[in-house]
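Below: one structure, written as structure tokens.
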Amino acid sequence: MTANAQLKIFGNSAHPDLARHIARAAGEKLGSVILRRGYVLGMASLLFLGTSANVALCWDSLIDPIWTVTDSGGHLDWSHSGNNLIAFERMGADGFYDMYQMNPEGSDVVCLTDYPGLLPQRHNGQPTWHPSGNYIVFQCEKDSSFDPNDRHFWPSEFSMPGKGWNCDLWCVDMHDLSFSRLTNLPTRKTFADTTRTSGVLHSHFSHDGTRLLWSELINGEADLQGRGDWGQWRLDVSKFIVDENGPRLDSTIYFERGAFGDGTFYESHGFSPDDSVIIFSGNLQPGQHQTYMDIYTIHLESHELTRLTFTTQDVWDEHSQFSPDGERIVWISSEGYSFDPDDWRNTMRAEYWLMTQSGQNARRLTYFNDPNHPEYNGDRVIMADPSWSPEGDRFMTGGAFAAGPRVLYKIVMIEFAENAIRETDSYGPPEGFSLLRSHPNPFNEQTMIEYEMPVRANVTLSIYDVLGREIRTLVHGSQMAGHHHMIWVGRDCWGNRVASGTFFCHAPRDDFSATTRLLLVK
């Protein structure tokens with residue numbers, strides 16, 4: 001086919017430069033190219049539609065193989081005090097969560113909250129280590145059998161770690177396992193009670209140990225006008241003081257709706273290493289649903305609010321954590337996966353991403369939900385709160401691995417490949433749309449197709465055979481700006497291996513066009 005080749009068109013019109021790109025890439029005459037509904041038949045078609053945002057994606061060579069620490073465990077925190085211990089939560093046979101500690105490899109597991117009479121024996125979890133290693137603050141469900149004044153209306157399901165209704169903050173002294181109650185929030189006790197339901201989530205210490213950050217539920221019954229049903233939340237920062245009476249909180253300041261966006265849900269994630277800013281997620285944009293969150297920071301002196309991720313109304317960004325050196329942030333995102341916001345527990349998928357402290361150069365780290373990657377095991381996976389190692393070369397995290405009604409809550413270790421984090425610094429935001437390369441090429445088992453985008457856009461990446469039949473759609477939906485990749489394993493949409501042959505990956509757009517050749521050999 002020459003540059004003057006005629007295009008047979010069915011449906012939408014073809015890109016005017018398509019024939020020239022195919023001819024140059026193929027180096028041979030192929031005859032007429034058939035198009036249907038804007039796709040190039042006989043090649044992989046990459047379509048970009050729409051714009052937004054300023055972040056990016058990455059291939060999984062950034063991390064080493066992921067390994068499971070324990071098949072039973074949830075929210076955790078890695079102590080940086082020198083004791084190198086992990087505090088985490090685990091559900092018991094009684095259906096309630098307790099708090100435990102273990103070594104990073106999963107050994108020497110010890111329960112820290114199974115002490116009837118010393119603290120409530122209902123849900124206890126979401127631990128955070130004091131930098132000294134001497135204290136752990138955690139979330140504890142109110143229990144009327146422990147204190148008659150702690151009766152609450154809503155059932156314990158609402159008080160599980162990760163929900164936090166009718167919970168207070170407690171502290172355990174690791175020297176003698178003595179317990180102190182840090183908050184005693186009034187909450188709704190009966191159906192007729194007009195007191196608003198209260199609660200707490202996600203406490204985090206400052207690195208100097210003098211302050212504590214957490215999320216506080218201030219009205220569980222708030223009418224959120226269709227933006228969710230989690231209640232109205234805010235961020236609290238208090239002084240953490242230890243005196244002759246034990247640990248206590250003092251001089252609390254609040255960051256809440258109105259002064260800091262139009263959010264109904266504010267979830268705390270921690271302090272920057274210099275303790276100058278706090279990082280959190282929330283639905284701060286007008287009308288934004290509680291399940292569609294972005295990542296933000298607030299400067300504690302100037303109160304400047306900075307937005308780090310820019311989702312559309314269909315992406316969940318949450319659980320962001322600064323690296324120990326403060327240069328990067330790891331967080332979870334549902335980017336690339338659709339879900340029902342009113343049934344997110346049964347429909348959502350979320351992976352880990354990495355970005356700079358300013359929100360630039362975001363790159364995907366994990367592919368638990370992608371059948372083309374080694375960490376995929378068939379489960380629908382929602383990753384949760386990460387916690388960095390003291391060295392910053394890995395992080396540990398909990399995650400929900402669901403297969404139908406069966407859900408396993410595992411703790412896994414994710415390690416970065418040697419020099420991988422530094423390598424991400426060399427990739428800045430791309431200047432324009434570009435189809436980069438595929439490798440290996442020729443390929444036998446699988447090939448990785450790389451491309452980049454300067455702005456958020458809708459992307460469709462499909463594979464077609466030389467007869468114009470659609471083989472498989474690899475990507476279809478909105479993606480972040482930056483460097484992307486997709487793996488094709490040489491199979492059709494039914495999982496069957498396709499025959500050897502030449503294919504083309506073409507990226508058409510109004511302002512550019514690019515083509516690369518794929519060769520499948522057996």
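Residue numbering restarts at 1 for every chain of the structure tokens, chains are lettered A, B, ... in their displayed order, and ligands are numbered from 1 as they appear.
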**Request:** Skip range 285-292 of chain A itself and residues of its chain fewer than 3 positions away, then list as a PyMOL selection string all residues within 7 Å of it, counting only C-alpha atoms.
**Result:** chain A and resi 227-228+261-265+313-316+341
**Request:** Find the residues around range 166-172 of chain A up to 9 Å (only C-alpha atoms counted), leave out those fewer than 2 positions away in its own chain, and share them as a ChimeraX atom specification.
**Result:** /A:112-113,119,123-124,134-142,150,152-154,156,158-160,164,174-188,197-201,203,217,247-248
**Message:** as number ranges by chain, please: every residue in range 248-422 of chain A that DSSP puts in strand (DSSP E or B).
**Reply:** A: 248-255, 258, 261, 266-271, 277-282, 294-299, 305-307, 317-322, 328-333, 350-356, 363-364, 380-388, 394-403, 406-416
**Message:** Set the distance at 8 Å and use only C-alpha atoms: which residues neighbour Leu305 in chain A once local chain neighbours fewer than 6 positions away are removed? I'd like the list as a VMD selection string.
**Reply:** chain A and resid 260 296 to 299
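When CA of Ser358 in chain A is paired with CA of Glu375 in chain A, their separation reads 29.0 Å.
Omitting Ile253 in chain A and its sequence neighbours fewer than 2 positions away, and counting only C-alpha atoms, the residues within 10 Å are A:Leu213, A:Leu235, A:Asp236, A:Val237, A:Ser238, A:Lys239, A:Asp250, A:Ser251, A:Phe255, A:Glu256, A:Leu300.
Among A:Leu224, A:Tyr115, A:Ser389, A:Ile218, the residue with the shortest atom-to-atom distance to Gly82 in chain A, counting only C-alpha atoms, is A:Ser389.
Across the structure, CA of Arg364 in chain A and CA of Ser320 in chain A are spaced 13.6 Å apart.
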**Item:** Close residues, Ile86 in chain A itself excluded, 10 Å, only C-alpha atoms, min 4 positions apart in chain, as an MDAnalysis selection string
**Value:** chainID A and resid 76:80 100:106 109 127:129 387 389 396
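Picture a line from CA of Ala400 in chain A to CA of Ala350 in chain A; it runs 9.8 Å.
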**Asked** From the set A:Thr195, A:Thr460, A:Thr311, A:Ser206, which residue has the shortest atom-to-atom contact distance to Asn219 in chain A, counting only C-alpha atoms?
**Response** A:Thr195
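Between His439 in chain A and the residues A:Val381, A:Leu519, A:Val466, A:Ile329, the shortest atom-to-atom distance, using only C-alpha atoms, involves A:Leu519.
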**Message:** At a cut-off of 12 Å, using only C-alpha atoms, what residues contact Asp94 in chain A? Leave out same-chain residues fewer than 6 positions from it and give the result as an MDAnalysis selection string.
**Reply:** chainID A and resid 114 121:123
Only C-alpha atoms, please: the residues just picked out, written as a PDB file, in the first residue's frame.
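To be explicit, this is the file written out as again-v6.pdb:
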ATOM      1  CA  ASP A 114      -7.438  -9.482  74.518  1.00  0.00           C
ATOM      2  CA  GLN A 121     -13.789  -6.305  73.994  1.00  0.00           C
ATOM      3  CA  ARG A 122     -15.491  -5.437  70.753  1.00  0.00           C
ATOM      4  CA  HIS A 123     -13.859  -4.056  67.587  1.00  0.00           C
TER       5      HIS A 123
END
**Message:** Using only C-alpha atoms, which protein or nucleic acid residues come within 9 Å of Phe271 in chain A? Drop anything in the same chain fewer than 6 positions from it, and give the result as a list in words.
**Reply:** His204, Phe205, Ser206, His207, Leu213, Val277, Ile278, Ile279, Gln321 and Phe322 of chain A
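When only C-alpha atoms are used to compute distances to His484 in chain A, the closest of the residues A:Ser338, A:Thr347, A:Asn361, A:Thr252 turns out to be A:Asn361.
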**Request:** List every residue of range 338-444 of chain A that DSSP, applied to the backbone, labels as alpha helix (DSSP H), and write the result as a list of chain:residue names.
**Result:** A:Trp344, A:Arg345, A:Asn346, A:Thr347, A:Ala420, A:Ile421, A:Arg422, A:Glu423
